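Coordinates as given in target_13.pdb (PDB, C-alpha atoms, pLDDT in the B column):
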ATOM      1  CA  MET A  27      96.270 147.899 130.774  1.00 65.00           C
ATOM      2  CA  LEU A  28      99.340 146.839 132.691  1.00 87.00           C
ATOM      3  CA  PHE A  29      98.128 143.398 133.761  1.00 91.00           C
ATOM      4  CA  LYS A  30      94.922 141.453 133.336  1.00 92.00           C
ATOM      5  CA  ILE A  31      93.727 138.240 135.029  1.00 94.00           C
ATOM      6  CA  VAL A  32      91.810 135.951 132.689  1.00 94.00           C
ATOM      7  CA  ARG A  33      90.091 132.630 133.328  1.00 95.00           C
ATOM      8  CA  ILE A  34      90.549 130.190 130.471  1.00 94.00           C
ATOM      9  CA  ARG A  35      87.403 128.751 128.941  1.00 92.00           C
ATOM     10  CA  GLY A  36      87.938 125.804 126.629  1.00 89.00           C
ATOM     11  CA  ASP A  37      90.740 123.393 125.929  1.00 89.00           C
ATOM     12  CA  SER A  38      92.375 124.756 122.769  1.00 86.00           C
ATOM     13  CA  LEU A  39      95.783 124.979 124.504  1.00 91.00           C
ATOM     14  CA  SER A  40      95.492 121.768 126.526  1.00 89.00           C
ATOM     15  CA  PRO A  41      97.173 119.980 128.137  1.00 89.00           C
ATOM     16  CA  LEU A  42      99.341 122.903 129.333  1.00 90.00           C
ATOM     17  CA  TYR A  43      96.473 125.413 129.671  1.00 92.00           C
ATOM     18  CA  ARG A  44      93.138 123.865 130.631  1.00 92.00           C
ATOM     19  CA  ASP A  45      89.559 125.010 131.026  1.00 93.00           C
ATOM     20  CA  GLY A  46      89.280 126.768 134.397  1.00 94.00           C
ATOM     21  CA  ASP A  47      92.953 127.763 134.649  1.00 95.00           C
ATOM     22  CA  TYR A  48      93.944 131.405 135.137  1.00 96.00           C
ATOM     23  CA  VAL A  49      96.570 133.502 133.399  1.00 96.00           C
ATOM     24  CA  ILE A  50      98.019 136.910 134.063  1.00 96.00           C
ATOM     25  CA  ALA A  51      98.665 138.820 130.852  1.00 96.00           C
ATOM     26  CA  SER A  52     100.796 141.915 130.411  1.00 94.00           C
ATOM     27  CA  GLY A  53      99.467 144.649 128.162  1.00 90.00           C
ATOM     28  CA  GLN A  54     102.536 146.853 128.478  1.00 89.00           C
ATOM     29  CA  ARG A  55     103.539 148.342 125.137  1.00 87.00           C
ATOM     30  CA  SER A  56     107.175 147.392 125.669  1.00 85.00           C
ATOM     31  CA  ARG A  57     106.154 143.726 126.130  1.00 86.00           C
ATOM     32  CA  LEU A  58     103.746 143.765 123.179  1.00 87.00           C
ATOM     33  CA  SER A  59     106.430 145.167 120.896  1.00 88.00           C
ATOM     34  CA  ARG A  60     108.715 142.170 121.609  1.00 92.00           C
ATOM     35  CA  LEU A  61     106.419 139.315 120.599  1.00 95.00           C
ATOM     36  CA  ARG A  62     108.157 136.073 119.631  1.00 96.00           C
ATOM     37  CA  PRO A  63     107.175 132.624 118.406  1.00 97.00           C
ATOM     38  CA  GLY A  64     106.236 130.559 121.464  1.00 97.00           C
ATOM     39  CA  ASP A  65     104.609 133.477 123.310  1.00 97.00           C
ATOM     40  CA  VAL A  66     101.032 132.865 124.465  1.00 97.00           C
ATOM     41  CA  ILE A  67      98.826 135.857 123.690  1.00 97.00           C
ATOM     42  CA  LEU A  68      95.330 137.188 124.275  1.00 96.00           C
ATOM     43  CA  PHE A  69      93.641 138.807 121.296  1.00 96.00           C
ATOM     44  CA  ARG A  70      90.251 139.677 119.866  1.00 95.00           C
ATOM     45  CA  GLN A  71      89.128 137.872 116.753  1.00 95.00           C
ATOM     46  CA  PRO A  72      85.969 139.043 114.954  1.00 93.00           C
ATOM     47  CA  GLY A  73      83.280 136.399 115.236  1.00 92.00           C
ATOM     48  CA  TYR A  74      85.067 134.594 118.080  1.00 92.00           C
ATOM     49  CA  GLY A  75      85.680 137.212 120.790  1.00 92.00           C
ATOM     50  CA  GLN A  76      88.726 137.042 123.042  1.00 93.00           C
ATOM     51  CA  LEU A  77      91.012 134.082 122.360  1.00 95.00           C
ATOM     52  CA  ILE A  78      94.229 132.729 123.846  1.00 95.00           C
ATOM     53  CA  LYS A  79      96.727 131.040 121.508  1.00 97.00           C
ATOM     54  CA  ARG A  80     100.443 130.434 121.043  1.00 97.00           C
ATOM     55  CA  ILE A  81     102.371 132.341 118.374  1.00 98.00           C
ATOM     56  CA  GLU A  82     103.667 129.810 115.859  1.00 97.00           C
ATOM     57  CA  ARG A  83     105.394 132.308 113.576  1.00 97.00           C
ATOM     58  CA  ILE A  84     105.534 135.972 112.684  1.00 97.00           C
ATOM     59  CA  GLU A  85     104.739 136.703 109.058  1.00 95.00           C
ATOM     60  CA  PRO A  86     107.011 139.040 107.024  1.00 94.00           C
ATOM     61  CA  CYS A  87     104.264 141.695 107.174  1.00 94.00           C
ATOM     62  CA  GLY A  88     104.259 141.453 110.998  1.00 93.00           C
ATOM     63  CA  SER A  89     100.993 139.521 111.368  1.00 96.00           C
ATOM     64  CA  LEU A  90     100.993 136.591 113.779  1.00 97.00           C
ATOM     65  CA  PHE A  91     100.217 132.991 112.854  1.00 97.00           C
ATOM     66  CA  VAL A  92      98.713 131.487 116.018  1.00 98.00           C
ATOM     67  CA  LEU A  93      97.870 127.906 116.917  1.00 96.00           C
ATOM     68  CA  GLY A  94      96.136 126.027 119.683  1.00 94.00           C
ATOM     69  CA  SER A  95      97.573 122.691 120.794  1.00 92.00           C
ATOM     70  CA  ALA A  96      94.280 120.763 120.706  1.00 88.00           C
ATOM     71  CA  PRO A  97      93.475 119.069 117.381  1.00 86.00           C
ATOM     72  CA  ASP A  98      90.097 120.825 117.130  1.00 86.00           C
ATOM     73  CA  SER A  99      91.409 124.281 118.061  1.00 90.00           C
ATOM     74  CA  THR A 100      90.056 127.242 116.097  1.00 93.00           C
ATOM     75  CA  ASP A 101      93.155 129.230 115.200  1.00 96.00           C
ATOM     76  CA  SER A 102      95.011 130.764 112.249  1.00 96.00           C
ATOM     77  CA  ARG A 103      94.300 127.620 110.234  1.00 95.00           C
ATOM     78  CA  ALA A 104      90.643 128.740 110.280  1.00 94.00           C
ATOM     79  CA  PHE A 105      90.791 132.551 110.401  1.00 96.00           C
ATOM     80  CA  GLY A 106      94.259 133.401 109.094  1.00 96.00           C
ATOM     81  CA  PRO A 107      97.026 135.527 110.622  1.00 97.00           C
ATOM     82  CA  VAL A 108      96.234 137.888 113.492  1.00 97.00           C
ATOM     83  CA  PRO A 109      97.198 141.561 113.177  1.00 96.00           C
ATOM     84  CA  ARG A 110      99.434 142.800 116.000  1.00 94.00           C
ATOM     85  CA  SER A 111      96.860 145.510 116.696  1.00 94.00           C
ATOM     86  CA  ALA A 112      94.398 142.804 117.858  1.00 95.00           C
ATOM     87  CA  VAL A 113      96.748 141.592 120.640  1.00 96.00           C
ATOM     88  CA  SER A 114      95.716 142.797 124.103  1.00 94.00           C
ATOM     89  CA  GLY A 115      98.207 140.898 126.244  1.00 95.00           C
ATOM     90  CA  VAL A 116     101.053 138.409 126.570  1.00 96.00           C
ATOM     91  CA  VAL A 117     100.762 135.669 129.198  1.00 96.00           C
ATOM     92  CA  VAL A 118     103.365 136.140 131.928  1.00 95.00           C
ATOM     93  CA  ALA A 119     101.971 133.746 134.579  1.00 96.00           C
ATOM     94  CA  HIS A 120      99.734 130.687 134.651  1.00 95.00           C
ATOM     95  CA  PHE A 121      97.822 129.150 137.555  1.00 94.00           C
ATOM     96  CA  ARG A 122      95.867 125.916 137.675  1.00 90.00           C
ATOM     97  CA  GLY A 123      92.176 126.277 138.353  1.00 83.00           C
ATOM     98  CA  GLN A 124      90.047 123.706 140.105  1.00 74.00           C
ATOM     99  CA  ALA A 125      89.914 120.359 138.377  1.00 58.00           C
ATOM    100  CA  ARG A 126      86.731 119.631 136.456  1.00 56.00           C
ATOM    101  CA  ARG A 127      84.480 116.910 137.797  1.00 53.00           C
TER     102      ARG A 127
END

Represent the structure of the file as structure tokens.
Amino acid sequence: MLFKIVRIRGDSLSPLYRDGDYVIASGQRSRLSRLRPGDVILFRQPGYGQLIKRIERIEPCGSLFVLGSAPDSTDSRAFGPVPRSAVSGVVVAHFRGQARR
């Protein structure tokens, strides 16, 4: 996958990324090999499906500790570090969706 458009469902990265917003994620190997703290990534987590979170830190073993910005976010505090192999994309663009009513 070179690029993927994803609609955000949920508020785990609010207020910057909100329910209904869209992101474009790059799945290029060269981009995935240069992950850094602060990058927003898409990944698959068993039991949760596809998630979007921000990389907080990279563990010495290479796993990623990811966090949401909402207090009730389900992230590495609940399921532990994410293996790099689970990452499917890095967010390269963000667009606001329609405001919720």

>> I want to know what sits within 7 Å of Tyr48 in chain A, based on only C-alpha atoms, with residues of the same chain fewer than 3 positions away left out; could you give that as number ranges by chain?
In response: A: 31-34, 120-123

> Mind pulling up the distance from CA of Leu39 in chain A to CA of Asp98 in chain A?
Replying inline: 10.2 Å

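We find CA of Pro109 in chain A and CA of Ser89 in chain A to be spaced 4.7 Å apart.
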
>> Translate the PyMOL selection byres ((chain A and resi 50) around 6) into a concrete residue list for this structure, as a PyMOL selection string.
In response: chain A and resi 30-31+49+51+117-119

> On this structure, which residues satisfy the PyMOL selection byres ((chain A and resi 93) around 8), written as a PyMOL selection string?
Replying inline: chain A and resi 79-82+91-92+94-95+99-103

>> Can you translate the PyMOL selection byres ((chain A and resi 45) around 7) into the concrete residues it hits in this file, as a list of chain:residue names?
In response: A:Ile34, A:Arg35, A:Gly36, A:Asp37, A:Arg44, A:Gly46, A:Asp47

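Closest approach to Pro107 in chain A from the set A:Val66, A:Ser59, A:Gly88, A:Gln124 is made by A:Gly88, with distances taken over all atoms listed in the file.
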
>> Let me make sure I understand: among A:Tyr74, A:Gly106, A:Phe29, A:Pro41, which one has the smallest atom-to-atom distance to Leu58 in chain A if we use all atoms listed in the file?
In response: A:Phe29

Put a box with edges along x, y and z around all the listed atoms of range 74-88 of chain A, pad it by 5 Å on each side, then give me its centre and sizes in Å, one decimal, as lines of an AutoDock Vina configuration file.
center_x = 96.0
center_y = 135.8
center_z = 115.4
size_x = 31.9
size_y = 21.9
size_z = 26.8

Tell me, as a CSV table (one decimal) with C-alpha atoms, in the frame of the given file, which residues lie within 7 Å of Leu68 in chain A, counting all atoms listed in the file; anything in the same chain fewer than 5 positions away does not count.
chain,number,residue,atom,x,y,z
A,76,GLN,CA,88.7,137.0,123.0
A,77,LEU,CA,91.0,134.1,122.4
A,78,ILE,CA,94.2,132.7,123.8
A,79,LYS,CA,96.7,131.0,121.5
A,113,VAL,CA,96.7,141.6,120.6
A,114,SER,CA,95.7,142.8,124.1
A,115,GLY,CA,98.2,140.9,126.2
A,116,VAL,CA,101.1,138.4,126.6

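The coordinates place CA of Gly73 in chain A at 9.7 Å from CA of Phe105 in chain A.
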
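Minimum distance to Glu85 in chain A across A:Ile67, A:Pro97, A:Arg110, A:Ala104 (counting only C-alpha atoms) occurs at A:Arg110.
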
> Using all atoms listed in the file, which of A:Leu28, A:Leu42, A:Val108, A:Leu61 sits nearest Leu90 in chain A?
Replying inline: A:Val108
